[in-house]
file input.pdb (PDB, C-alpha atoms and all ligand atoms)
MODEL        1
ATOM      1  CA  MET G   1      -1.650   9.251 -42.147
ATOM      2  CA  GLY G   2       0.603   8.376 -39.126
ATOM      3  CA  GLN G   3      -0.690   6.120 -36.389
ATOM      4  CA  GLY G   4      -1.189   9.055 -33.972
ATOM      5  CA  LEU G   5      -3.160  11.062 -36.515
ATOM      6  CA  GLU G   6      -5.152   8.025 -37.532
ATOM      7  CA  GLN G   7      -6.065   7.459 -33.873
ATOM      8  CA  MET G   8      -7.052  11.114 -33.452
ATOM      9  CA  TYR G   9      -9.117  10.996 -36.634
ATOM     10  CA  TRP G  10     -10.926   7.892 -35.432
ATOM     11  CA  GLU G  11     -11.539   9.346 -31.980
ATOM     12  CA  ALA G  12     -12.552  12.751 -33.317
ATOM     13  CA  ASN G  13     -15.210  11.070 -35.410
ATOM     14  CA  THR G  14     -16.523   8.732 -32.721
ATOM     15  CA  PRO G  15     -20.104   9.900 -32.013
ATOM     16  CA  CYS G  16     -19.712   9.241 -28.286
ATOM     17  CA  ARG G  17     -21.901  12.089 -27.058
ATOM     18  CA  ASP G  18     -24.755  11.064 -29.339
ATOM     19  CA  GLU G  19     -24.952   7.771 -27.419
ATOM     20  CA  GLN G  20     -26.575   9.720 -24.585
ATOM     21  CA  THR G  21     -29.577  10.499 -26.780
ATOM     22  CA  HIS G  22     -32.623   8.612 -25.604
ATOM     23  CA  PRO G  23     -34.883   6.785 -28.067
ATOM     24  CA  ARG G  24     -38.109   8.737 -28.462
ATOM     25  CA  SER G  25     -40.120   6.574 -30.795
ATOM     26  CA  SER G  26     -43.484   6.910 -29.001
ATOM     27  CA  ASP G  27     -45.215   9.481 -26.783
ATOM     28  CA  ASP G  28     -45.403   6.961 -23.906
ATOM     29  CA  LEU G  29     -41.725   6.250 -24.006
ATOM     30  CA  PHE G  30     -40.965   9.958 -24.304
ATOM     31  CA  SER G  31     -43.001  10.725 -21.121
ATOM     32  CA  ARG G  32     -41.268   7.971 -19.181
ATOM     33  CA  VAL G  33     -37.855   9.180 -20.244
ATOM     34  CA  LEU G  34     -38.705  12.724 -19.128
ATOM     35  CA  VAL G  35     -39.802  11.489 -15.668
ATOM     36  CA  VAL G  36     -36.582   9.512 -15.264
ATOM     37  CA  GLU G  37     -34.531  12.510 -16.369
ATOM     38  CA  GLU G  38     -36.212  14.850 -13.883
ATOM     39  CA  ASN G  39     -35.348  12.562 -10.954
ATOM     40  CA  ALA G  40     -31.952  11.401 -12.107
ATOM     41  CA  GLU G  41     -28.560  12.697 -10.937
ATOM     42  CA  PRO G  42     -26.748  14.560 -13.715
ATOM     43  CA  MET G  43     -24.656  12.060 -15.683
ATOM     44  CA  VAL G  44     -21.075  12.864 -16.554
ATOM     45  CA  THR G  45     -19.681  10.951 -19.515
ATOM     46  CA  ILE G  46     -16.009  10.482 -20.432
ATOM     47  CA  CYS G  47     -15.441  10.834 -24.210
ATOM     48  CA  PRO G  48     -12.601  11.233 -26.664
ATOM     49  CA  ALA G  49     -12.268  14.953 -27.423
ATOM     50  CA  ARG G  50     -13.038  16.377 -30.866
ATOM     51  CA  LEU G  51     -10.968  18.999 -32.625
ATOM     52  CA  ASP G  52     -13.827  21.469 -32.276
ATOM     53  CA  ASP G  53     -13.662  21.057 -28.475
ATOM     54  CA  ALA G  54     -10.367  22.991 -28.451
ATOM     55  CA  ASP G  55     -11.983  26.321 -27.493
ATOM     56  CA  ALA G  56     -13.929  24.811 -24.578
ATOM     57  CA  ILE G  57     -10.901  22.800 -23.437
ATOM     58  CA  SER G  58      -8.735  25.922 -23.508
ATOM     59  CA  ALA G  59     -11.318  27.894 -21.538
ATOM     60  CA  LEU G  60     -11.624  25.207 -18.858
ATOM     61  CA  VAL G  61      -7.901  24.592 -18.322
ATOM     62  CA  THR G  62      -7.134  28.337 -18.374
ATOM     63  CA  GLU G  63      -9.797  29.141 -15.791
ATOM     64  CA  SER G  64      -8.732  26.218 -13.614
ATOM     65  CA  ALA G  65      -5.028  27.091 -13.876
ATOM     66  CA  LYS G  66      -5.773  30.699 -12.882
ATOM     67  CA  ALA G  67      -7.727  29.494  -9.840
ATOM     68  CA  PHE G  68      -5.464  26.692  -8.613
ATOM     69  CA  ILE G  69      -1.990  26.951 -10.158
ATOM     70  CA  THR G  70      -0.825  30.410 -11.265
ATOM     71  CA  PRO G  71      -1.473  32.098  -7.883
ATOM     72  CA  HIS G  72       1.671  30.220  -6.756
ATOM     73  CA  TYR G  73       3.714  31.413  -9.785
ATOM     74  CA  SER G  74       5.553  34.597 -10.689
ATOM     75  CA  ALA G  75       3.940  36.783 -13.384
ATOM     76  CA  THR G  76       6.394  35.331 -15.926
ATOM     77  CA  GLY G  77       5.674  31.751 -14.899
ATOM     78  CA  ALA G  78       1.920  32.370 -15.086
ATOM     79  CA  ALA G  79       2.200  33.935 -18.543
ATOM     80  CA  VAL G  80       4.331  31.066 -19.881
ATOM     81  CA  LEU G  81       1.919  28.449 -18.520
ATOM     82  CA  LEU G  82      -1.182  30.187 -19.885
ATOM     83  CA  GLU G  83       0.417  30.728 -23.327
ATOM     84  CA  GLY G  84       0.507  26.952 -23.703
ATOM     85  CA  MET G  85      -3.206  26.649 -22.931
ATOM     86  CA  THR G  86      -4.727  28.610 -25.819
ATOM     87  CA  ALA G  87      -7.175  26.950 -28.210
ATOM     88  CA  GLY G  88      -4.557  27.172 -30.970
ATOM     89  CA  GLU G  89      -1.914  25.358 -28.891
ATOM     90  CA  THR G  90      -4.540  22.790 -27.892
ATOM     91  CA  ARG G  91      -5.421  22.100 -31.538
ATOM     92  CA  VAL G  92      -1.733  21.732 -32.417
ATOM     93  CA  ARG G  93      -1.266  19.110 -29.695
ATOM     94  CA  MET G  94      -4.407  17.257 -30.822
ATOM     95  CA  GLU G  95      -3.137  17.209 -34.393
ATOM     96  CA  ARG G  96       0.238  15.937 -33.172
ATOM     97  CA  GLY G  97      -1.465  12.926 -31.617
ATOM     98  CA  PHE G  98      -1.875  13.814 -27.947
ATOM     99  CA  ARG G  99      -4.870  11.799 -26.749
ATOM    100  CA  TYR G 100      -7.394  14.272 -25.339
ATOM    101  CA  ILE G 101     -10.488  13.158 -23.479
ATOM    102  CA  VAL G 102     -13.269  15.248 -21.979
ATOM    103  CA  ALA G 103     -15.797  14.775 -19.193
ATOM    104  CA  VAL G 104     -19.153  16.025 -20.428
ATOM    105  CA  ASP G 105     -22.169  16.957 -18.290
ATOM    106  CA  GLY G 106     -25.103  17.352 -20.670
ATOM    107  CA  ASP G 107     -23.332  19.219 -23.452
ATOM    108  CA  VAL G 108     -20.905  21.094 -21.194
ATOM    109  CA  ILE G 109     -17.250  20.072 -20.907
ATOM    110  CA  VAL G 110     -16.444  19.873 -17.184
ATOM    111  CA  GLY G 111     -13.159  17.944 -17.293
ATOM    112  CA  VAL G 112     -10.144  17.517 -19.550
ATOM    113  CA  GLY G 113      -7.404  14.904 -19.645
ATOM    114  CA  ALA G 114      -4.575  14.491 -22.121
ATOM    115  CA  MET G 115      -1.850  11.907 -22.615
ATOM    116  CA  LYS G 116       1.316  12.510 -24.634
ATOM    117  CA  GLU G 117       2.793   9.587 -26.557
ATOM    118  CA  ASN G 118       1.027   7.111 -24.260
ATOM    119  CA  THR G 119       3.635   7.813 -21.570
ATOM    120  CA  HIS G 120       3.150  11.300 -20.099
ATOM    121  CA  LEU G 121      -0.037  12.585 -18.459
ATOM    122  CA  TYR G 122      -0.088  16.089 -19.901
ATOM    123  CA  HIS G 123      -3.357  17.535 -18.570
ATOM    124  CA  LEU G 124      -5.858  16.622 -15.871
ATOM    125  CA  PHE G 125      -8.383  19.321 -15.002
ATOM    126  CA  VAL G 126     -11.883  19.244 -13.547
ATOM    127  CA  ALA G 127     -14.071  22.352 -13.299
ATOM    128  CA  ALA G 128     -14.363  23.627  -9.716
ATOM    129  CA  THR G 129     -18.137  23.011  -9.855
ATOM    130  CA  HIS G 130     -17.547  19.287 -10.486
ATOM    131  CA  GLN G 131     -14.527  18.472  -8.308
ATOM    132  CA  GLY G 132     -14.691  15.781  -5.644
ATOM    133  CA  GLN G 133     -17.031  13.537  -7.665
ATOM    134  CA  GLY G 134     -14.473  11.042  -8.949
ATOM    135  CA  ILE G 135     -14.247  12.590 -12.430
ATOM    136  CA  ALA G 136     -10.446  12.960 -12.403
ATOM    137  CA  ARG G 137     -10.087   9.335 -11.331
ATOM    138  CA  ARG G 138     -12.341   8.178 -14.178
ATOM    139  CA  MET G 139     -10.346  10.214 -16.707
ATOM    140  CA  TRP G 140      -7.001   8.988 -15.314
ATOM    141  CA  GLU G 141      -8.121   5.349 -15.473
ATOM    142  CA  ASP G 142      -9.340   5.822 -19.066
ATOM    143  CA  LEU G 143      -6.048   7.438 -20.138
ATOM    144  CA  ARG G 144      -3.956   4.860 -18.253
ATOM    145  CA  ASP G 145      -5.835   1.859 -19.598
ATOM    146  CA  HIS G 146      -5.756   3.201 -23.158
ATOM    147  CA  ALA G 147      -2.000   3.807 -22.886
ATOM    148  CA  LEU G 148      -1.408   0.284 -21.534
ATOM    149  CA  ALA G 149      -3.486  -1.149 -24.387
ATOM    150  CA  HIS G 150      -1.455   0.821 -26.943
ATOM    151  CA  GLY G 151       2.146  -0.060 -26.171
ATOM    152  CA  ASN G 152       2.863   1.488 -22.783
ATOM    153  CA  THR G 153       4.954  -1.005 -20.812
ATOM    154  CA  GLY G 154       3.925   0.145 -17.350
ATOM    155  CA  ARG G 155       5.355   3.595 -16.644
ATOM    156  CA  ILE G 156       3.551   6.971 -16.842
ATOM    157  CA  THR G 157       4.962  10.342 -15.775
ATOM    158  CA  VAL G 158       3.276  13.610 -14.785
ATOM    159  CA  ASN G 159       4.519  17.068 -13.808
ATOM    160  CA  SER G 160       2.103  17.778 -11.012
ATOM    161  CA  SER G 161       0.924  21.123  -9.778
ATOM    162  CA  ARG G 162       1.409  21.656  -6.057
ATOM    163  CA  TYR G 163      -2.362  21.321  -5.600
ATOM    164  CA  ALA G 164      -2.658  17.949  -7.321
ATOM    165  CA  VAL G 165       0.163  16.002  -5.615
ATOM    166  CA  PRO G 166      -2.132  14.271  -3.072
ATOM    167  CA  VAL G 167      -4.582  13.417  -5.867
ATOM    168  CA  TYR G 168      -1.872  11.727  -7.947
ATOM    169  CA  GLU G 169      -0.676   9.893  -4.835
ATOM    170  CA  ARG G 170      -4.205   8.475  -4.527
ATOM    171  CA  PHE G 171      -3.825   7.237  -8.121
ATOM    172  CA  GLY G 172      -0.584   5.414  -7.182
ATOM    173  CA  PHE G 173       1.961   7.972  -8.405
ATOM    174  CA  PHE G 174       5.038   8.683  -6.279
ATOM    175  CA  LYS G 175       7.311  11.739  -6.253
ATOM    176  CA  ASP G 176      10.254  11.374  -8.619
ATOM    177  CA  GLY G 177      12.823  13.679  -6.990
ATOM    178  CA  GLY G 178      12.226  17.215  -5.791
ATOM    179  CA  ILE G 179      10.305  20.157  -7.213
ATOM    180  CA  THR G 180      11.721  21.379 -10.539
ATOM    181  CA  GLU G 181      11.566  24.801 -12.166
ATOM    182  CA  LYS G 182      11.755  25.844 -15.812
ATOM    183  CA  ASN G 183      10.790  29.280 -17.213
ATOM    184  CA  GLU G 184       9.573  30.107 -13.687
ATOM    185  CA  ILE G 185       7.077  27.233 -13.855
ATOM    186  CA  THR G 186       7.457  24.907 -10.887
ATOM    187  CA  CYS G 187       6.180  21.365 -10.753
ATOM    188  CA  GLN G 188       6.573  18.104  -8.896
ATOM    189  CA  PRO G 189       7.670  15.293 -11.236
ATOM    190  CA  MET G 190       5.827  12.087 -10.359
ATOM    191  CA  VAL G 191       5.758   8.556 -11.733
ATOM    192  CA  TRP G 192       3.198   5.770 -11.839
ATOM    193  CA  GLN G 193       4.466   2.301 -12.657
ATOM    194  CA  THR G 194       3.274  -1.264 -12.588
ATOM    195  CA  VAL G 195       6.434  -2.636 -10.962
ATOM    196  CA  PRO G 196       6.886  -1.674  -7.282
ATOM    197  CA  HIS G 197       8.812   1.523  -6.600
ATOM    198  CA  GLU G 198      12.159   0.933  -4.776
ATOM    199  CA  THR G 199      10.925   2.850  -1.720
ATOM    200  CA  ASP G 200       7.847   0.621  -1.553
ATOM    201  CA  VAL G 201      10.046  -2.482  -1.641
ATOM    202  CA  GLU G 202      12.327  -1.088   1.092
ATOM    203  CA  ASP G 203       9.304  -0.133   3.189
ATOM    204  CA  ARG G 204       7.971  -3.662   3.001
ATOM    205  CA  GLN G 205      11.366  -5.140   4.025
ATOM    206  CA  ILE G 206      11.623  -3.040   7.209
TER
HETATM  207  C1  LIG G 301      -6.670  17.706  -9.360
HETATM  208  C2  LIG G 301      -8.082  17.572  -9.931
HETATM  209  C3  LIG G 301      -7.981  17.239 -11.415
HETATM  210  C4  LIG G 301      -8.830  16.448  -9.184
HETATM  211  O1  LIG G 301     -10.130  16.344  -9.784
HETATM  212  P1  LIG G 301     -11.380  15.672  -9.016
HETATM  213  O2  LIG G 301     -12.364  15.233 -10.034
HETATM  214  O3  LIG G 301     -11.853  16.592  -7.953
HETATM  215  O4  LIG G 301     -10.717  14.389  -8.333
HETATM  216  P2  LIG G 301     -11.500  13.055  -7.901
HETATM  217  O5  LIG G 301     -12.815  13.439  -7.294
HETATM  218  O6  LIG G 301     -11.504  12.097  -9.023
HETATM  219  O7  LIG G 301     -10.569  12.521  -6.723
HETATM  220  C5  LIG G 301      -9.483  11.666  -7.018
HETATM  221  C6  LIG G 301      -8.873  11.181  -5.718
HETATM  222  O8  LIG G 301      -8.114  12.238  -5.108
HETATM  223  C7  LIG G 301      -8.665  12.563  -3.832
HETATM  224  N1  LIG G 301      -8.667  14.019  -3.778
HETATM  225  C8  LIG G 301      -9.388  14.849  -4.567
HETATM  226  N2  LIG G 301      -9.100  16.131  -4.261
HETATM  227  C9  LIG G 301      -8.190  16.092  -3.270
HETATM  228  C10 LIG G 301      -7.499  17.095  -2.530
HETATM  229  N3  LIG G 301      -7.684  18.406  -2.758
HETATM  230  N4  LIG G 301      -6.624  16.692  -1.578
HETATM  231  C11 LIG G 301      -6.425  15.389  -1.329
HETATM  232  N5  LIG G 301      -7.037  14.375  -2.028
HETATM  233  C12 LIG G 301      -7.919  14.740  -2.957
HETATM  234  C13 LIG G 301     -10.045  11.966  -3.795
HETATM  235  O9  LIG G 301     -10.424  11.614  -2.474
HETATM  236  C14 LIG G 301      -9.916  10.772  -4.699
HETATM  237  O10 LIG G 301      -9.368   9.669  -4.011
HETATM  238  P3  LIG G 301      -9.998   8.171  -4.267
HETATM  239  O11 LIG G 301     -10.371   8.084  -5.729
HETATM  240  O12 LIG G 301      -8.869   7.240  -3.915
HETATM  241  O13 LIG G 301     -11.176   8.096  -3.360
HETATM  242  C15 LIG G 301      -8.899  18.885  -9.720
HETATM  243  O14 LIG G 301      -8.892  19.207  -8.353
HETATM  244  C16 LIG G 301      -8.348  20.052 -10.500
HETATM  245  O15 LIG G 301      -8.695  20.270 -11.653
HETATM  246  N6  LIG G 301      -7.471  20.847  -9.841
HETATM  247  C17 LIG G 301      -6.951  22.096 -10.435
HETATM  248  C18 LIG G 301      -6.036  21.864 -11.612
HETATM  249  C19 LIG G 301      -4.834  21.000 -11.303
HETATM  250  O16 LIG G 301      -4.055  21.278 -10.395
HETATM  251  N7  LIG G 301      -4.692  19.960 -12.110
HETATM  252  C20 LIG G 301      -3.541  19.122 -12.130
HETATM  253  C21 LIG G 301      -2.574  19.684 -13.114
HETATM  254  S1  LIG G 301      -1.034  18.765 -13.059
ENDMDL
END

call {"tool": "encode", "arguments": {"input": "input.pdb", "output": "structure tokens", "more": "lines below"}}
Ligand SMILES: CC(C)(COP(=O)(O)OP(=O)(O)OC[C@H]1O[C@@H](n2cnc3c(N)ncnc32)[C@H](O)[C@@H]1OP(=O)(O)O)[C@@H](O)C(=O)NCCC(=O)NCCS
result
Amino acid sequence: MGQGLEQMYWEANTPCRDEQTHPRSSDDLFSRVLVVEENAEPMVTICPARLDDADAISALVTESAKAFITPHYSATGAAVLLEGMTAGETRVRMERGFRYIVAVDGDVIVGVGAMKENTHLYHLFVAATHQGQGIARRMWEDLRDHALAHGNTGRITVNSSRYAVPVYERFGFFKDGGITEKNEITCQPMVWQTVPHETDVEDRQI
């Protein structure tokens, strides 16, 4: 088994979501837990994705892309983008070693992030119902830190949607050239790196 597959196998079998289960060894404890749960804010957990999450991941990214990305594309561009978001394509990428993580609210997947080869942020999507709560930042920091701990030397790229450019700028990415277009899909290439960007250095010298 290659290192990527081994990593996926390990992550796919990590019982992360079960860690949310509360101990219910006595009636007293059970009552207290219920009271806490009734008053608590819903908790969103970031977990490694499992292979059997592929359908839910596909549904979330497809719905989000239709709402926020494809309205700016031609019909061809939209079709090409959505073809790459099916459950089958998602499973193929997982099996090839892309690191997928999910944000889970209860047992519902409300966010998806994916990193390719520890160097390229491939997906970052949060359900419209859960946006603006810091979930994308938590997923980005998880993916970034994991990449840095697994051989990344301080440079991560992303092809940003028009909508997400200001979000990536908040994460420290900068635009890497102008908007590009392939198969009628447009995106803004961006880079995050640990060494200062040339423009930043020039800005400081002025
Ligand atoms: C882009 C997206 C993933 C952000 O998810 P989110 O969970 O709402 O983002 P967060 O709440 O973690 O916010 C992250 C940062 O961006 C800022 N931000 C969030 N939405 C923003 C917006 N529309 N415009 C400007 N800044 C924004 C936040 O203030 C926050 O900054 P901070 O952490 O420095 O305080 C989400 O809006 C989404 O799924 N969009 C549609 C799909 C998409 O375009 N994905 C990117 C594909 S390349």

call {"tool": "residues_near_ligand", "arguments": {"input": "input.pdb", "ligand": "ligand LIG 301 (chain G)", "cutoff": "10 Å", "atoms": "all atoms listed in the file", "output": "PyMOL selection string"}}
result
chain G and resi 60-70+103+110-113+121-141+158-172+187-190

call {"tool": "atom_distance", "arguments": {"input": "input.pdb", "atom1": "atom CA of G:His197", "atom2": "atom CA of G:Thr153"}}
result
14.9 Å

call {"tool": "atom_distance", "arguments": {"input": "input.pdb", "atom1": "atom CA of G:Gly154", "atom2": "atom CA of G:Val191"}}
result
10.3 Å

call {"tool": "resolve_selection", "arguments": {"input": "input.pdb", "expression": "the PyMOL selection byres (((chain G and resi 156) around 6) and not hetatm)", "output": "VMD selection string"}}
result
chain G and resid 119 to 120 155 157 191 to 192

call {"tool": "closest_residue", "arguments": {"input": "input.pdb", "among": "G:Asp55, G:Gly97, G:Tyr73, G:Arg50", "to": "G:Glu184", "atoms": "all atoms listed in the file"}}
result
G:Tyr73

call {"tool": "closest_residue", "arguments": {"input": "input.pdb", "among": "G:Gly77, G:Pro196, G:Gly151, G:Gly88", "to": "G:Asn183", "atoms": "all atoms listed in the file"}}
result
G:Gly77

call {"tool": "atom_distance", "arguments": {"input": "input.pdb", "atom1": "atom CA of G:Asp105", "atom2": "atom CA of G:Asn118"}}
result
25.9 Å

call {"tool": "residues_around", "arguments": {"input": "input.pdb", "residues": "G:Ser58", "least_positions_apart": "4", "cutoff": "8 Å", "atoms": "only C-alpha atoms", "output": "PyMOL selection string"}}
result
chain G and resi 54+62+85-87+90

call {"tool": "residues_near_point", "arguments": {"input": "input.pdb", "point": "(4.4, 14.2, -28.7)", "cutoff": "10 Å", "atoms": "all atoms listed in the file", "output": "ChimeraX atom specification"}}
result
/G:4,93-99,115-120

call {"tool": "closest_residue", "arguments": {"input": "input.pdb", "among": "G:Leu81, G:Ala149, G:Val104, G:Ala114", "to": "G:Ile46", "atoms": "all atoms listed in the file"}}
result
G:Val104

call {"tool": "closest_residue", "arguments": {"input": "input.pdb", "among": "G:Ala56, G:Gly84, G:Arg91, G:Asp142", "to": "G:Val108", "atoms": "all atoms listed in the file"}}
result
G:Ala56
